[in-house]
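Enquirer: Mind having a look at this structure? Questions to follow.
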Amino acid sequence: MIRLRSLRNSILCLVILIAGLLFINLFFGYSATQTANQPIRADRDEAIKKDKECDPQQSALIREEKCNSDWGKEMKCLREEEEVYFPFSFIKKKWDVTGKMAKDGKRFEMFTSYSKVRLPEGSYDSKGVFGHFASYSVESRDRVRCINAKTGIPMSTQWDEIPYYYPIQIAQFGLQHYSRLHSANFSKYEEVKVGAMTKEWKGSAAMADTNERLFWKDEQLGELVNITSTVASDALVLLNYIHEENSLCVWNDTVSNGKNNQLSYSYSLGSMQSEWRNVSRDVLVDVARAISSAEGKKKEDNVVMHPGDIRIVSVGFRGSCTVKRVIVQSNERHKESFLTAANWMLHNQDANGGWPVPVERAIADRQLVLPAGWYSAMGQGHAISLLTRAYWTTKNESYLEACAKSLALFEKLSKDGGVKNQLWGIDWYEEYPTNPGSFVLNGFMYSLLGLYDFSRIPSEEVSSASVREGISKAALLWSKGLDSLLTLLPLYDTGSGSIYDLRHIGLKSAPNLARWDYHAVHIYLLKWLVQITENQYLNEIADRWIGYAHGKRAKHN
């Protein structure tokens, strides 16, 4: 017999126990479900977020609109609420900016200046490298026809189709190689014993293993050296160095060899001379200049070769040969090119102490014309910078004699054949000595550097009285020129950039704004002059102009 109260209590305990177990089961089941669903919920939330970002309703807020600028031609723009987006092609042209997609392809980058502003490192040294000229490549410029195989000097076609010697270009060529000489690492060079290393030697058997130079002559083509190379496109390029006079410097050979994808060019070595000569050639440059000079090539078709673009196939001397000396790849190539340029200046200075430009120069739609034979203060200054470095390298005072002679043109007005002009009675050394004056800024500052370089030669170290007098005169011209710069420099400030020259004052025309690459040159030269003079006024202007290159503008009223 069961007592009712005990049964009732037992049932109650059982119900409570079952309820407790059910609660525990539900709690842990819910927790497990929550844990299992967390990644799914995170993925779902991310998907909802992305859907929201690509919401068609939101995209509909951006719509195409017609727009124009200054009542000009209509164009298509995009509008998002109150924001209107103009095409970058329009912005680029309108405000002279540049831009591109970043390398990661995820953002667009816009720049005020397309030219990177570089600042001189260290302090200016009249014996040292000339700025960042070590990174220059005068030989690769589209205006350079070739490096003359006879003289080793660059020839220009900037203002005339017939190649000519341009003093500024030659001086820059020399300063480039001087700067490379003092900044490059020469640790390896190659030596080629021609005849001893070739299996195809056809000269005298007795001379096949000698250590001497070559003489050669071809019965049909005369004396020539032939270099065969292939370019990256697998074209075969033949470069013939021929002993003949030719004003073209480099030209296409007219004789067809009947082979496909084969190009043949010739360089003039000048007539054969009965004297020893060293000939140094940069095959990368010679191939590039030859291809660039091909008939029908335009300025924008300029070819620049880099290491790895070509492979030397052979070097040959066509005709009968006699070996006379070992052929060595010199590790002083830069020194040779530097001194070749300096010696050209030494031997081509005229009676007026200058290096005349042999072609006409027309400026501002021929409103300003310089007939052939004009001098340039920039050319004179560059030449002095080159010649003083040649003196420091060789201690040959002949280079300083040439510097002293060159100063006469700085004291002579442009109307009298010199390089000096005046603006409101203030002297200015003219890159282009026109009448009325053009007052080019960068050319003037380069001329100042040349005068400074000469003024830094210690007078007590030279024996020539004329050189000592020249050093004193250079110091005076430098000082006067610096005063002129401090006075007139504000005229070149536009509030958002700089002006290339002041031709507009004499011509009563619109100002000639400096391109951004010239603006960068202005800044570099000003910073150079700051290093020399420690003038804070020049430094303030240079810093302000750096700001312009980064989009800053002067305040308005």
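By convention in this document, the chains of the structure tokens carry letters A, B, ... by their order, each chain's residues are numbered from 1, and ligands are numbered from 1 in the order they are shown.
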Taking the backbone alone, and naming residues the way the document does, which bits of region 264-464 of chain A are helix (DSSP H, G or I) by DSSP, as a PyMOL selection string?

Expert: chain A and resi 283-292+299-301+333-348+377-394+398-410+414-416+441-455+459-461

Enquirer: Give me the residues near region 367-372 of chain A as a VMD selection string, where near means some atom within 9 Å (using only C-alpha atoms) and where sequence neighbours in that chain fewer than 5 positions away do not count.

Expert: chain A and resid 356 to 362 432 to 438 507

Enquirer: Those residues you just picked out, can you put them in a file as a PDB file, in the first residue's frame with N, CA and C atoms?

Expert:
```pdb
ATOM      1  N   PRO A 356      81.289  80.113 -80.750  1.00  0.00           N
ATOM      2  CA  PRO A 356      80.088  80.529 -81.484  1.00  0.00           C
ATOM      3  C   PRO A 356      79.211  79.348 -81.875  1.00  0.00           C
ATOM      4  N   VAL A 357      77.907  79.602 -81.922  1.00  0.00           N
ATOM      5  CA  VAL A 357      76.937  78.600 -82.377  1.00  0.00           C
ATOM      6  C   VAL A 357      76.773  78.792 -83.879  1.00  0.00           C
ATOM      7  N   PRO A 358      77.039  77.762 -84.696  1.00  0.00           N
ATOM      8  CA  PRO A 358      77.126  77.946 -86.150  1.00  0.00           C
ATOM      9  C   PRO A 358      75.796  77.943 -86.897  1.00  0.00           C
ATOM     10  N   VAL A 359      74.668  78.009 -86.178  1.00  0.00           N
ATOM     11  CA  VAL A 359      73.365  78.010 -86.851  1.00  0.00           C
ATOM     12  C   VAL A 359      72.504  79.136 -86.299  1.00  0.00           C
ATOM     13  N   GLU A 360      71.513  79.516 -87.078  1.00  0.00           N
ATOM     14  CA  GLU A 360      70.584  80.564 -86.660  1.00  0.00           C
ATOM     15  C   GLU A 360      69.677  80.065 -85.538  1.00  0.00           C
ATOM     16  N   ARG A 361      69.320  80.985 -84.644  1.00  0.00           N
ATOM     17  CA  ARG A 361      68.362  80.672 -83.576  1.00  0.00           C
ATOM     18  C   ARG A 361      67.224  81.685 -83.636  1.00  0.00           C
ATOM     19  N   ALA A 362      66.016  81.199 -83.892  1.00  0.00           N
ATOM     20  CA  ALA A 362      64.831  82.056 -83.964  1.00  0.00           C
ATOM     21  C   ALA A 362      63.956  81.810 -82.744  1.00  0.00           C
ATOM     22  N   TYR A 432      70.535  83.580 -74.646  1.00  0.00           N
ATOM     23  CA  TYR A 432      70.258  83.982 -76.032  1.00  0.00           C
ATOM     24  C   TYR A 432      70.333  85.508 -76.077  1.00  0.00           C
ATOM     25  N   PRO A 433      71.466  86.074 -76.496  1.00  0.00           N
ATOM     26  CA  PRO A 433      71.662  87.530 -76.441  1.00  0.00           C
ATOM     27  C   PRO A 433      70.900  88.283 -77.530  1.00  0.00           C
ATOM     28  N   THR A 434      69.585  88.291 -77.422  1.00  0.00           N
ATOM     29  CA  THR A 434      68.713  88.932 -78.409  1.00  0.00           C
ATOM     30  C   THR A 434      68.558  90.421 -78.109  1.00  0.00           C
ATOM     31  N   ASN A 435      68.013  91.122 -79.073  1.00  0.00           N
ATOM     32  CA  ASN A 435      67.649  92.530 -78.903  1.00  0.00           C
ATOM     33  C   ASN A 435      66.233  92.746 -79.428  1.00  0.00           C
ATOM     34  N   PRO A 436      65.277  93.095 -78.552  1.00  0.00           N
ATOM     35  CA  PRO A 436      65.438  93.302 -77.109  1.00  0.00           C
ATOM     36  C   PRO A 436      65.780  92.006 -76.378  1.00  0.00           C
ATOM     37  N   GLY A 437      66.187  92.138 -75.138  1.00  0.00           N
ATOM     38  CA  GLY A 437      66.675  90.988 -74.383  1.00  0.00           C
ATOM     39  C   GLY A 437      65.608  89.959 -74.066  1.00  0.00           C
ATOM     40  N   SER A 438      66.049  88.717 -73.891  1.00  0.00           N
ATOM     41  CA  SER A 438      65.129  87.631 -73.526  1.00  0.00           C
ATOM     42  C   SER A 438      65.263  87.260 -72.045  1.00  0.00           C
ATOM     43  N   LEU A 507      59.005  92.458 -75.842  1.00  0.00           N
ATOM     44  CA  LEU A 507      58.085  92.195 -76.954  1.00  0.00           C
ATOM     45  C   LEU A 507      56.666  92.656 -76.661  1.00  0.00           C
TER      46      LEU A 507
END
```

Enquirer: Which of region 242-414 of chain A end up as strand (DSSP E or B) when DSSP is run on this backbone - answer as a ChimeraX atom specification?

Expert: /A:242,250-252,262-268,310-317,320-325,327-328,357,361-363,368-370,374,413

Enquirer: If you keep C-alpha atoms, can you produce a file of those selected residues as a compact mmCIF listing (two decimals), in the first residue's frame?

Expert:
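selection.txt was written with the following content:
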```
# COMPACT_ATOMS: atom_id res chain seq x y z
CA ILE A 242 84.71 54.24 -92.42
CA VAL A 250 75.99 58.60 -89.44
CA TRP A 251 73.93 57.34 -92.37
CA ASN A 252 72.08 54.36 -93.81
CA GLN A 262 69.35 43.29 -91.23
CA LEU A 263 70.28 46.97 -90.90
CA SER A 264 73.53 48.59 -91.94
CA TYR A 265 74.81 52.04 -90.95
CA SER A 266 78.11 53.83 -91.35
CA TYR A 267 79.96 56.33 -89.17
CA SER A 268 82.60 58.67 -90.52
CA ILE A 310 71.84 44.36 -77.78
CA ARG A 311 74.37 41.56 -78.05
CA ILE A 312 77.71 41.99 -79.79
CA VAL A 313 78.05 39.34 -82.49
CA SER A 314 81.43 40.29 -83.92
CA VAL A 315 84.01 43.02 -84.33
CA GLY A 316 85.87 42.87 -87.61
CA PHE A 317 88.48 44.73 -89.63
CA SER A 320 94.21 43.17 -95.13
CA CYS A 321 95.42 43.73 -91.56
CA THR A 322 98.60 43.94 -89.58
CA VAL A 323 98.30 43.68 -85.81
CA LYS A 324 100.28 46.34 -83.98
CA ARG A 325 98.89 46.67 -80.43
CA ILE A 327 92.92 46.26 -77.92
CA VAL A 328 91.79 47.05 -74.37
CA VAL A 357 76.94 78.60 -82.38
CA ARG A 361 68.36 80.67 -83.58
CA ALA A 362 64.83 82.06 -83.96
CA ILE A 363 62.68 82.81 -80.90
CA LEU A 368 63.82 87.55 -82.03
CA VAL A 369 66.46 86.11 -84.37
CA LEU A 370 70.13 85.38 -83.71
CA TRP A 374 76.09 84.02 -81.89
CA LEU A 413 76.70 94.16 -74.77
```

Enquirer: Determine the nearest neighbour of Asp453 (chain A) from the options A:Arg143, A:Lys412, A:Lys127, A:Arg544, counting only C-alpha atoms.

Expert: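 Using only C-alpha atoms, Asp453 (chain A) sits closest to A:Lys127.
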
Enquirer: What are the closest atom pairs, with distances in Å to one decimal, for all residues of region 111-184 of chain A lying within 9 Å of region 82-104 of chain A? Consider only C-alpha atoms, order rows by chain and residue number, and present the result as JSON lines.

Expert:
```
{"residue": "A:Phe111", "atom": "CA", "partner": "A:Thr98", "partner_atom": "CA", "distance": 5.3}
{"residue": "A:Thr112", "atom": "CA", "partner": "A:Val97", "partner_atom": "CA", "distance": 4.6}
{"residue": "A:Ser113", "atom": "CA", "partner": "A:Val97", "partner_atom": "CA", "distance": 6.2}
{"residue": "A:Tyr114", "atom": "CA", "partner": "A:Thr98", "partner_atom": "CA", "distance": 5.9}
```

Enquirer: How would the residues just picked look written out with C-alpha atoms as a CSV table (one decimal), in the first residue's frame?

Expert:
```
chain,number,residue,atom,x,y,z
A,111,PHE,CA,50.5,65.5,-59.4
A,112,THR,CA,50.8,69.3,-60.0
A,113,SER,CA,54.3,68.8,-61.5
A,114,TYR,CA,55.2,66.0,-63.9
```

Enquirer: Nearest to Pro167 (chain A) among A:Arg456, A:Lys508, A:Lys555, A:His382, with distances taken over only C-alpha atoms: which residue is it?

Expert: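 Closest to Pro167 (chain A) of all the choices is A:His382.
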
Enquirer: Which residues are near Glu244 (chain A)? Cut-off 9 Å, only C-alpha atoms, ignore same chain within fewer than 2 positions. Put them as a ChimeraX atom specification.

Expert: /A:222-223,242,246,267-272
